[in-house]
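A.B. asks: Here you go, one structure.
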Amino acid sequence: MTEITILYDNRASGELRPGWGFSALIRTDGATTLLDTGADKMVLEHNARHLGINLESVAALALSHDHCDHIGAISSVLHQGLHLYVPQSFARRFERVRKSGISLHDVKSPTNIIPGVRSIGQMGRDIPEQALLVDGVDGPVLLTGCAHMGIGRLVQQATELAGASMSLVIGGLHLFDHKPDDIERVVTQLVDLGVQRVGACHCTGDKALVALHEALGDGFVDVSVGSRIQI
């Protein structure tokens, strides 16, 4: 079974540390894939240690977009043999990593990363971004960093690629600066697209979290640093 672990988020409890940003680890039977790294390497490394995760064992790292709260701690993850998947719009910034034995993949169209995990391709014009589509027992899962171009667009693209509605959407939905009417419209769109569960965090915002909880009921998944979701 595949498991997703939140490594970096605005919220944390106990000995885990919060930070503005996002990072999530996808663990399958074959390998591990990390989406984003968060902003602060000290926070990422601390949380990884406490969760028993060796960052040097990560097989693939996918960067959703080029904002510092998603790529700032990248040096903690880079190691020889790593496969780095970057949206084509800013992949050139990372050309130098090839000298360290890292395989750089510039992503424009849907791309397989490891069995059961693929990028839905680069989307958005102002802030190009990718999200990950993960196979789950109950259906496909979408893992998103920020969804700057709109979570509805990402879900629609993922649904078309998978040929099925999303059983779960996890990550930042970038609704923290939206007006209540806009939030309600987005929530309705997700429901209409057949999304069964949502584990929203990072840049989603408190008002949107409340709206999602009201709309989805038991389909709302409360996630923060340390959350482990089996899919």
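Here's how to read the names in the structure tokens: chain A, B, ... by the order shown, residue numbers from 1 in each chain, ligand numbers from 1 in the order shown.
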Env of Tyr85 of chain A: 10 Å cut, atoms = only C-alpha atoms, seq-sep filter 3 positions within chain, self excluded. Answer as a list in words.

C.D. replies: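 Selected residues are Leu35, Ala60, Leu61, Ala62, Leu63, Ser64, Leu82, Gln88, Ala91, Ser103, Leu104, His105, Asp106, Val107, Thr111, Ile113, Ser119 and Gln130 of chain A.
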
A.B. asks: Residues of segment 70-117 of chain A classed as helix (DSSP H, G or I) by DSSP on the backbone are to be reported as a ChimeraX atom specification.

C.D. replies: /A:70-71,74-76,88-100

A.B. asks: Those residues you just picked out, can you put them in a file as a PDB file, in the first residue's frame with N, CA and C atoms?

C.D. replies:
ATOM      1  N   HIS A  70       8.817  26.295  -1.310  1.00  0.00           N
ATOM      2  CA  HIS A  70       8.678  24.935  -1.842  1.00  0.00           C
ATOM      3  C   HIS A  70      10.013  24.337  -2.287  1.00  0.00           C
ATOM      4  N   ILE A  71      11.012  25.176  -2.490  1.00  0.00           N
ATOM      5  CA  ILE A  71      12.303  24.657  -2.960  1.00  0.00           C
ATOM      6  C   ILE A  71      13.474  25.096  -2.086  1.00  0.00           C
ATOM      7  N   ILE A  74      16.089  22.484  -0.724  1.00  0.00           N
ATOM      8  CA  ILE A  74      16.456  21.454  -1.698  1.00  0.00           C
ATOM      9  C   ILE A  74      17.823  20.836  -1.428  1.00  0.00           C
ATOM     10  N   SER A  75      18.746  21.611  -0.846  1.00  0.00           N
ATOM     11  CA  SER A  75      20.096  21.080  -0.613  1.00  0.00           C
ATOM     12  C   SER A  75      20.079  19.892   0.350  1.00  0.00           C
ATOM     13  N   SER A  76      19.056  19.783   1.165  1.00  0.00           N
ATOM     14  CA  SER A  76      18.954  18.666   2.110  1.00  0.00           C
ATOM     15  C   SER A  76      18.595  17.353   1.428  1.00  0.00           C
ATOM     16  N   GLN A  88       9.400  22.662 -16.839  1.00  0.00           N
ATOM     17  CA  GLN A  88      10.304  23.119 -17.894  1.00  0.00           C
ATOM     18  C   GLN A  88      10.612  24.609 -17.804  1.00  0.00           C
ATOM     19  N   SER A  89       9.677  25.388 -17.294  1.00  0.00           N
ATOM     20  CA  SER A  89       9.830  26.842 -17.260  1.00  0.00           C
ATOM     21  C   SER A  89      11.027  27.301 -16.440  1.00  0.00           C
ATOM     22  N   PHE A  90      11.447  26.513 -15.444  1.00  0.00           N
ATOM     23  CA  PHE A  90      12.610  26.937 -14.651  1.00  0.00           C
ATOM     24  C   PHE A  90      13.636  25.824 -14.444  1.00  0.00           C
ATOM     25  N   ALA A  91      13.557  24.779 -15.246  1.00  0.00           N
ATOM     26  CA  ALA A  91      14.483  23.648 -15.108  1.00  0.00           C
ATOM     27  C   ALA A  91      15.933  24.056 -15.339  1.00  0.00           C
ATOM     28  N   ARG A  92      16.159  25.053 -16.197  1.00  0.00           N
ATOM     29  CA  ARG A  92      17.524  25.463 -16.523  1.00  0.00           C
ATOM     30  C   ARG A  92      18.289  25.930 -15.285  1.00  0.00           C
ATOM     31  N   ARG A  93      17.573  26.425 -14.291  1.00  0.00           N
ATOM     32  CA  ARG A  93      18.221  26.879 -13.057  1.00  0.00           C
ATOM     33  C   ARG A  93      18.968  25.753 -12.358  1.00  0.00           C
ATOM     34  N   PHE A  94      18.604  24.518 -12.658  1.00  0.00           N
ATOM     35  CA  PHE A  94      19.169  23.385 -11.934  1.00  0.00           C
ATOM     36  C   PHE A  94      20.136  22.557 -12.777  1.00  0.00           C
ATOM     37  N   GLU A  95      20.556  23.079 -13.913  1.00  0.00           N
ATOM     38  CA  GLU A  95      21.453  22.336 -14.800  1.00  0.00           C
ATOM     39  C   GLU A  95      22.718  21.868 -14.085  1.00  0.00           C
ATOM     40  N   ARG A  96      23.204  22.683 -13.159  1.00  0.00           N
ATOM     41  CA  ARG A  96      24.482  22.363 -12.509  1.00  0.00           C
ATOM     42  C   ARG A  96      24.425  21.086 -11.666  1.00  0.00           C
ATOM     43  N   VAL A  97      23.220  20.638 -11.291  1.00  0.00           N
ATOM     44  CA  VAL A  97      23.138  19.455 -10.437  1.00  0.00           C
ATOM     45  C   VAL A  97      23.570  18.196 -11.178  1.00  0.00           C
ATOM     46  N   ARG A  98      23.573  18.251 -12.503  1.00  0.00           N
ATOM     47  CA  ARG A  98      23.998  17.081 -13.276  1.00  0.00           C
ATOM     48  C   ARG A  98      25.436  16.693 -12.925  1.00  0.00           C
ATOM     49  N   LYS A  99      26.252  17.687 -12.565  1.00  0.00           N
ATOM     50  CA  LYS A  99      27.652  17.423 -12.231  1.00  0.00           C
ATOM     51  C   LYS A  99      27.785  16.616 -10.943  1.00  0.00           C
ATOM     52  N   SER A 100      26.712  16.567 -10.156  1.00  0.00           N
ATOM     53  CA  SER A 100      26.735  15.833  -8.892  1.00  0.00           C
ATOM     54  C   SER A 100      26.108  14.450  -9.012  1.00  0.00           C
TER      55      SER A 100
END

A.B. asks: Env of Lys41 of chain A: 8 Å cut, atoms = only C-alpha atoms, seq-sep filter 2 positions within chain, self excluded. Answer as a PyMOL selection string.

C.D. replies: chain A and resi 37-39+43-45+72-76

A.B. asks: Show me, as a tab-separated table, the residues of segment 192-227 of chain A having an atom within 12 Å of segment 145-148 of chain A, each with the closest atom pair and its distance in Å, using only C-alpha atoms.

C.D. replies:
residue	atom	partner	partner_atom	distance
A:Ala200	CA	A:Cys146	CA	10.1
A:Cys201	CA	A:Cys146	CA	9.4
A:His202	CA	A:Cys146	CA	7.9
A:Cys203	CA	A:Cys146	CA	6.7
A:Thr204	CA	A:Cys146	CA	8.2
A:Gly205	CA	A:Cys146	CA	11.6

A.B. asks: Would you list the contacts of Gly217 of chain A as number ranges by chain, taking every protein, DNA or RNA residue within 10 Å and counting only C-alpha atoms, but skipping same-chain residues closer than 5 positions in sequence?

C.D. replies: A: 197, 211-212

A.B. asks: Any chance you could export the current selection's C-alpha atoms as an mmCIF file, in the first residue's frame?

C.D. replies:
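Result written to out13.cif:
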data_model
loop_
_atom_site.group_PDB
_atom_site.id
_atom_site.type_symbol
_atom_site.label_atom_id
_atom_site.label_comp_id
_atom_site.auth_asym_id
_atom_site.auth_seq_id
_atom_site.Cartn_x
_atom_site.Cartn_y
_atom_site.Cartn_z
ATOM 1 C CA ARG A 197 -11.782 13.507 0.231
ATOM 2 C CA ALA A 211 -15.828 25.571 4.009
ATOM 3 C CA LEU A 212 -14.270 22.277 2.915
#

A.B. asks: Between A:Gln196, A:Thr2, A:Ser224, A:Thr33, single out the one closest to Arg17 of chain A, counting only C-alpha atoms.

C.D. replies: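 Among the listed residues, the smallest separation from Arg17 of chain A belongs to A:Ser224.
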
A.B. asks: What gap, in Å, lies between atom CA of Leu7 of chain A and atom CA of Arg118 of chain A?

C.D. replies: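 So the answer is 19.8 Å.
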
A.B. asks: Need the shell around Ala12 of chain A: protein/DNA/RNA residues with any atom at most 10 Å away, counting only C-alpha atoms. Skip same-chain ones fewer than 3 positions apart. Format as a ChimeraX atom specification?

C.D. replies: /A:6-9,15-19,47,223-227

A.B. asks: Take the residues from that selection and put them in a file with N, CA and C atoms, as a PDB file, in the first residue's frame.

C.D. replies:
ATOM      1  N   ILE A   6       3.276  13.941   5.471  1.00  0.00           N
ATOM      2  CA  ILE A   6       3.517  15.381   5.406  1.00  0.00           C
ATOM      3  C   ILE A   6       4.776  15.696   6.209  1.00  0.00           C
ATOM      4  N   LEU A   7       5.780  16.243   5.552  1.00  0.00           N
ATOM      5  CA  LEU A   7       7.053  16.569   6.190  1.00  0.00           C
ATOM      6  C   LEU A   7       7.179  18.049   6.542  1.00  0.00           C
ATOM      7  N   TYR A   8       6.464  18.884   5.831  1.00  0.00           N
ATOM      8  CA  TYR A   8       6.630  20.332   6.017  1.00  0.00           C
ATOM      9  C   TYR A   8       5.276  20.996   5.787  1.00  0.00           C
ATOM     10  N   ASP A   9       4.853  21.795   6.757  1.00  0.00           N
ATOM     11  CA  ASP A   9       3.567  22.491   6.642  1.00  0.00           C
ATOM     12  C   ASP A   9       3.535  23.612   7.673  1.00  0.00           C
ATOM     13  N   GLU A  15       6.901  17.438  18.992  1.00  0.00           N
ATOM     14  CA  GLU A  15       8.289  17.797  18.715  1.00  0.00           C
ATOM     15  C   GLU A  15       8.522  18.171  17.255  1.00  0.00           C
ATOM     16  N   LEU A  16       7.525  18.015  16.422  1.00  0.00           N
ATOM     17  CA  LEU A  16       7.651  18.386  15.013  1.00  0.00           C
ATOM     18  C   LEU A  16       7.547  19.902  14.867  1.00  0.00           C
ATOM     19  N   ARG A  17       8.205  20.426  13.855  1.00  0.00           N
ATOM     20  CA  ARG A  17       8.282  21.873  13.691  1.00  0.00           C
ATOM     21  C   ARG A  17       7.460  22.351  12.492  1.00  0.00           C
ATOM     22  N   PRO A  18       6.722  23.460  12.665  1.00  0.00           N
ATOM     23  CA  PRO A  18       5.985  24.042  11.547  1.00  0.00           C
ATOM     24  C   PRO A  18       6.860  25.001  10.755  1.00  0.00           C
ATOM     25  N   GLY A  19       6.432  25.345   9.573  1.00  0.00           N
ATOM     26  CA  GLY A  19       7.120  26.344   8.752  1.00  0.00           C
ATOM     27  C   GLY A  19       6.258  26.655   7.550  1.00  0.00           C
ATOM     28  N   ASN A  47      12.218  17.471  11.036  1.00  0.00           N
ATOM     29  CA  ASN A  47      10.993  16.678  10.913  1.00  0.00           C
ATOM     30  C   ASN A  47      11.268  15.302  10.321  1.00  0.00           C
ATOM     31  N   VAL A 223      -4.874  17.447   8.083  1.00  0.00           N
ATOM     32  CA  VAL A 223      -3.470  17.071   7.928  1.00  0.00           C
ATOM     33  C   VAL A 223      -2.554  18.187   8.406  1.00  0.00           C
ATOM     34  N   SER A 224      -1.381  17.793   8.867  1.00  0.00           N
ATOM     35  CA  SER A 224      -0.323  18.713   9.291  1.00  0.00           C
ATOM     36  C   SER A 224       0.974  17.918   9.281  1.00  0.00           C
ATOM     37  N   VAL A 225       2.064  18.527   9.723  1.00  0.00           N
ATOM     38  CA  VAL A 225       3.345  17.817   9.743  1.00  0.00           C
ATOM     39  C   VAL A 225       3.203  16.528  10.562  1.00  0.00           C
ATOM     40  N   GLY A 226       3.645  15.443   9.984  1.00  0.00           N
ATOM     41  CA  GLY A 226       3.581  14.154  10.655  1.00  0.00           C
ATOM     42  C   GLY A 226       2.407  13.293  10.248  1.00  0.00           C
ATOM     43  N   SER A 227       1.431  13.881   9.569  1.00  0.00           N
ATOM     44  CA  SER A 227       0.280  13.086   9.119  1.00  0.00           C
ATOM     45  C   SER A 227       0.739  12.023   8.135  1.00  0.00           C
TER      46      SER A 227
END

A.B. asks: Which is closer to Ile4 of chain A than all the others in A:Arg185, A:His65, A:Val169, A:Asp192, using only C-alpha atoms?

C.D. replies: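 When distances to Ile4 of chain A are compared using only C-alpha atoms, the smallest one comes from A:Val169.
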
A.B. asks: Check the smallest atom-to-atom distance from each of A:Asp182, A:Asp29, A:Asp40, A:Asp126 to Gly152 of chain A using only C-alpha atoms, then report the winner.

C.D. replies: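 Among the listed residues, the smallest separation from Gly152 of chain A belongs to A:Asp182.
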
A.B. asks: Near Thr144 of chain A, within 7 Å and counting only C-alpha atoms, which residues show up once chain neighbours fewer than 6 positions away are dropped, as a list in words?

C.D. replies: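 Residues near the query, excluding close chain neighbours: Ala131, Leu132, Ile170, Gly171 and Gly172 of chain A.
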
A.B. asks: Using C-alpha atoms, can you write the selected residues to a file as an mmCIF file, in the first residue's frame?

C.D. replies:
data_model
loop_
_atom_site.group_PDB
_atom_site.id
_atom_site.type_symbol
_atom_site.label_atom_id
_atom_site.label_comp_id
_atom_site.auth_asym_id
_atom_site.auth_seq_id
_atom_site.Cartn_x
_atom_site.Cartn_y
_atom_site.Cartn_z
ATOM 1 C CA ALA A 131 1.239 18.365 -9.368
ATOM 2 C CA LEU A 132 1.539 14.620 -8.839
ATOM 3 C CA ILE A 170 -3.774 16.605 -0.601
ATOM 4 C CA GLY A 171 -1.717 19.785 -0.334
ATOM 5 C CA GLY A 172 -1.948 23.536 -0.700
#

A.B. asks: I need the residues of segment 7-83 of chain A that end up classed as strand (DSSP E) by DSSP on the backbone, written out as a PyMOL selection string.

C.D. replies: chain A and resi 7-8+23-27+32-35+60-62+83

A.B. asks: Could you save the residues just selected, with C-alpha atoms, as a PDB file, in the first residue's frame?

C.D. replies:
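Output file out-v8.pdb is given in full below:
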ATOM      1  CA  LEU A   7       7.053  16.569   6.190  1.00  0.00           C
ATOM      2  CA  TYR A   8       6.630  20.332   6.017  1.00  0.00           C
ATOM      3  CA  SER A  23       6.739  18.971   1.497  1.00  0.00           C
ATOM      4  CA  ALA A  24       5.224  15.500   1.285  1.00  0.00           C
ATOM      5  CA  LEU A  25       6.794  12.068   0.889  1.00  0.00           C
ATOM      6  CA  ILE A  26       5.165   9.355  -1.201  1.00  0.00           C
ATOM      7  CA  ARG A  27       6.278   5.876  -0.178  1.00  0.00           C
ATOM      8  CA  THR A  32      10.072   7.044  -2.398  1.00  0.00           C
ATOM      9  CA  THR A  33       9.194  10.322  -4.114  1.00  0.00           C
ATOM     10  CA  LEU A  34       9.260  13.742  -2.467  1.00  0.00           C
ATOM     11  CA  LEU A  35       7.096  16.641  -3.624  1.00  0.00           C
ATOM     12  CA  ALA A  60      12.883  11.151  -6.919  1.00  0.00           C
ATOM     13  CA  LEU A  61      12.242  14.779  -6.029  1.00  0.00           C
ATOM     14  CA  ALA A  62       9.550  16.746  -7.852  1.00  0.00           C
ATOM     15  CA  HIS A  83      16.047  11.966 -10.144  1.00  0.00           C
TER      16      HIS A  83
END

A.B. asks: Which residue gives the smallest distance to Val117 of chain A among A:Ala164, A:Val155, A:Ala215, A:Ala59, with only C-alpha atoms counted?

C.D. replies: A:Ala59

A.B. asks: Measuring between only C-alpha atoms, which one of A:His50, A:Phe176, A:Met1, A:Leu168 shows the shortest distance to Gly14 of chain A?

C.D. replies: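 Smallest distance to Gly14 of chain A is found for A:His50.
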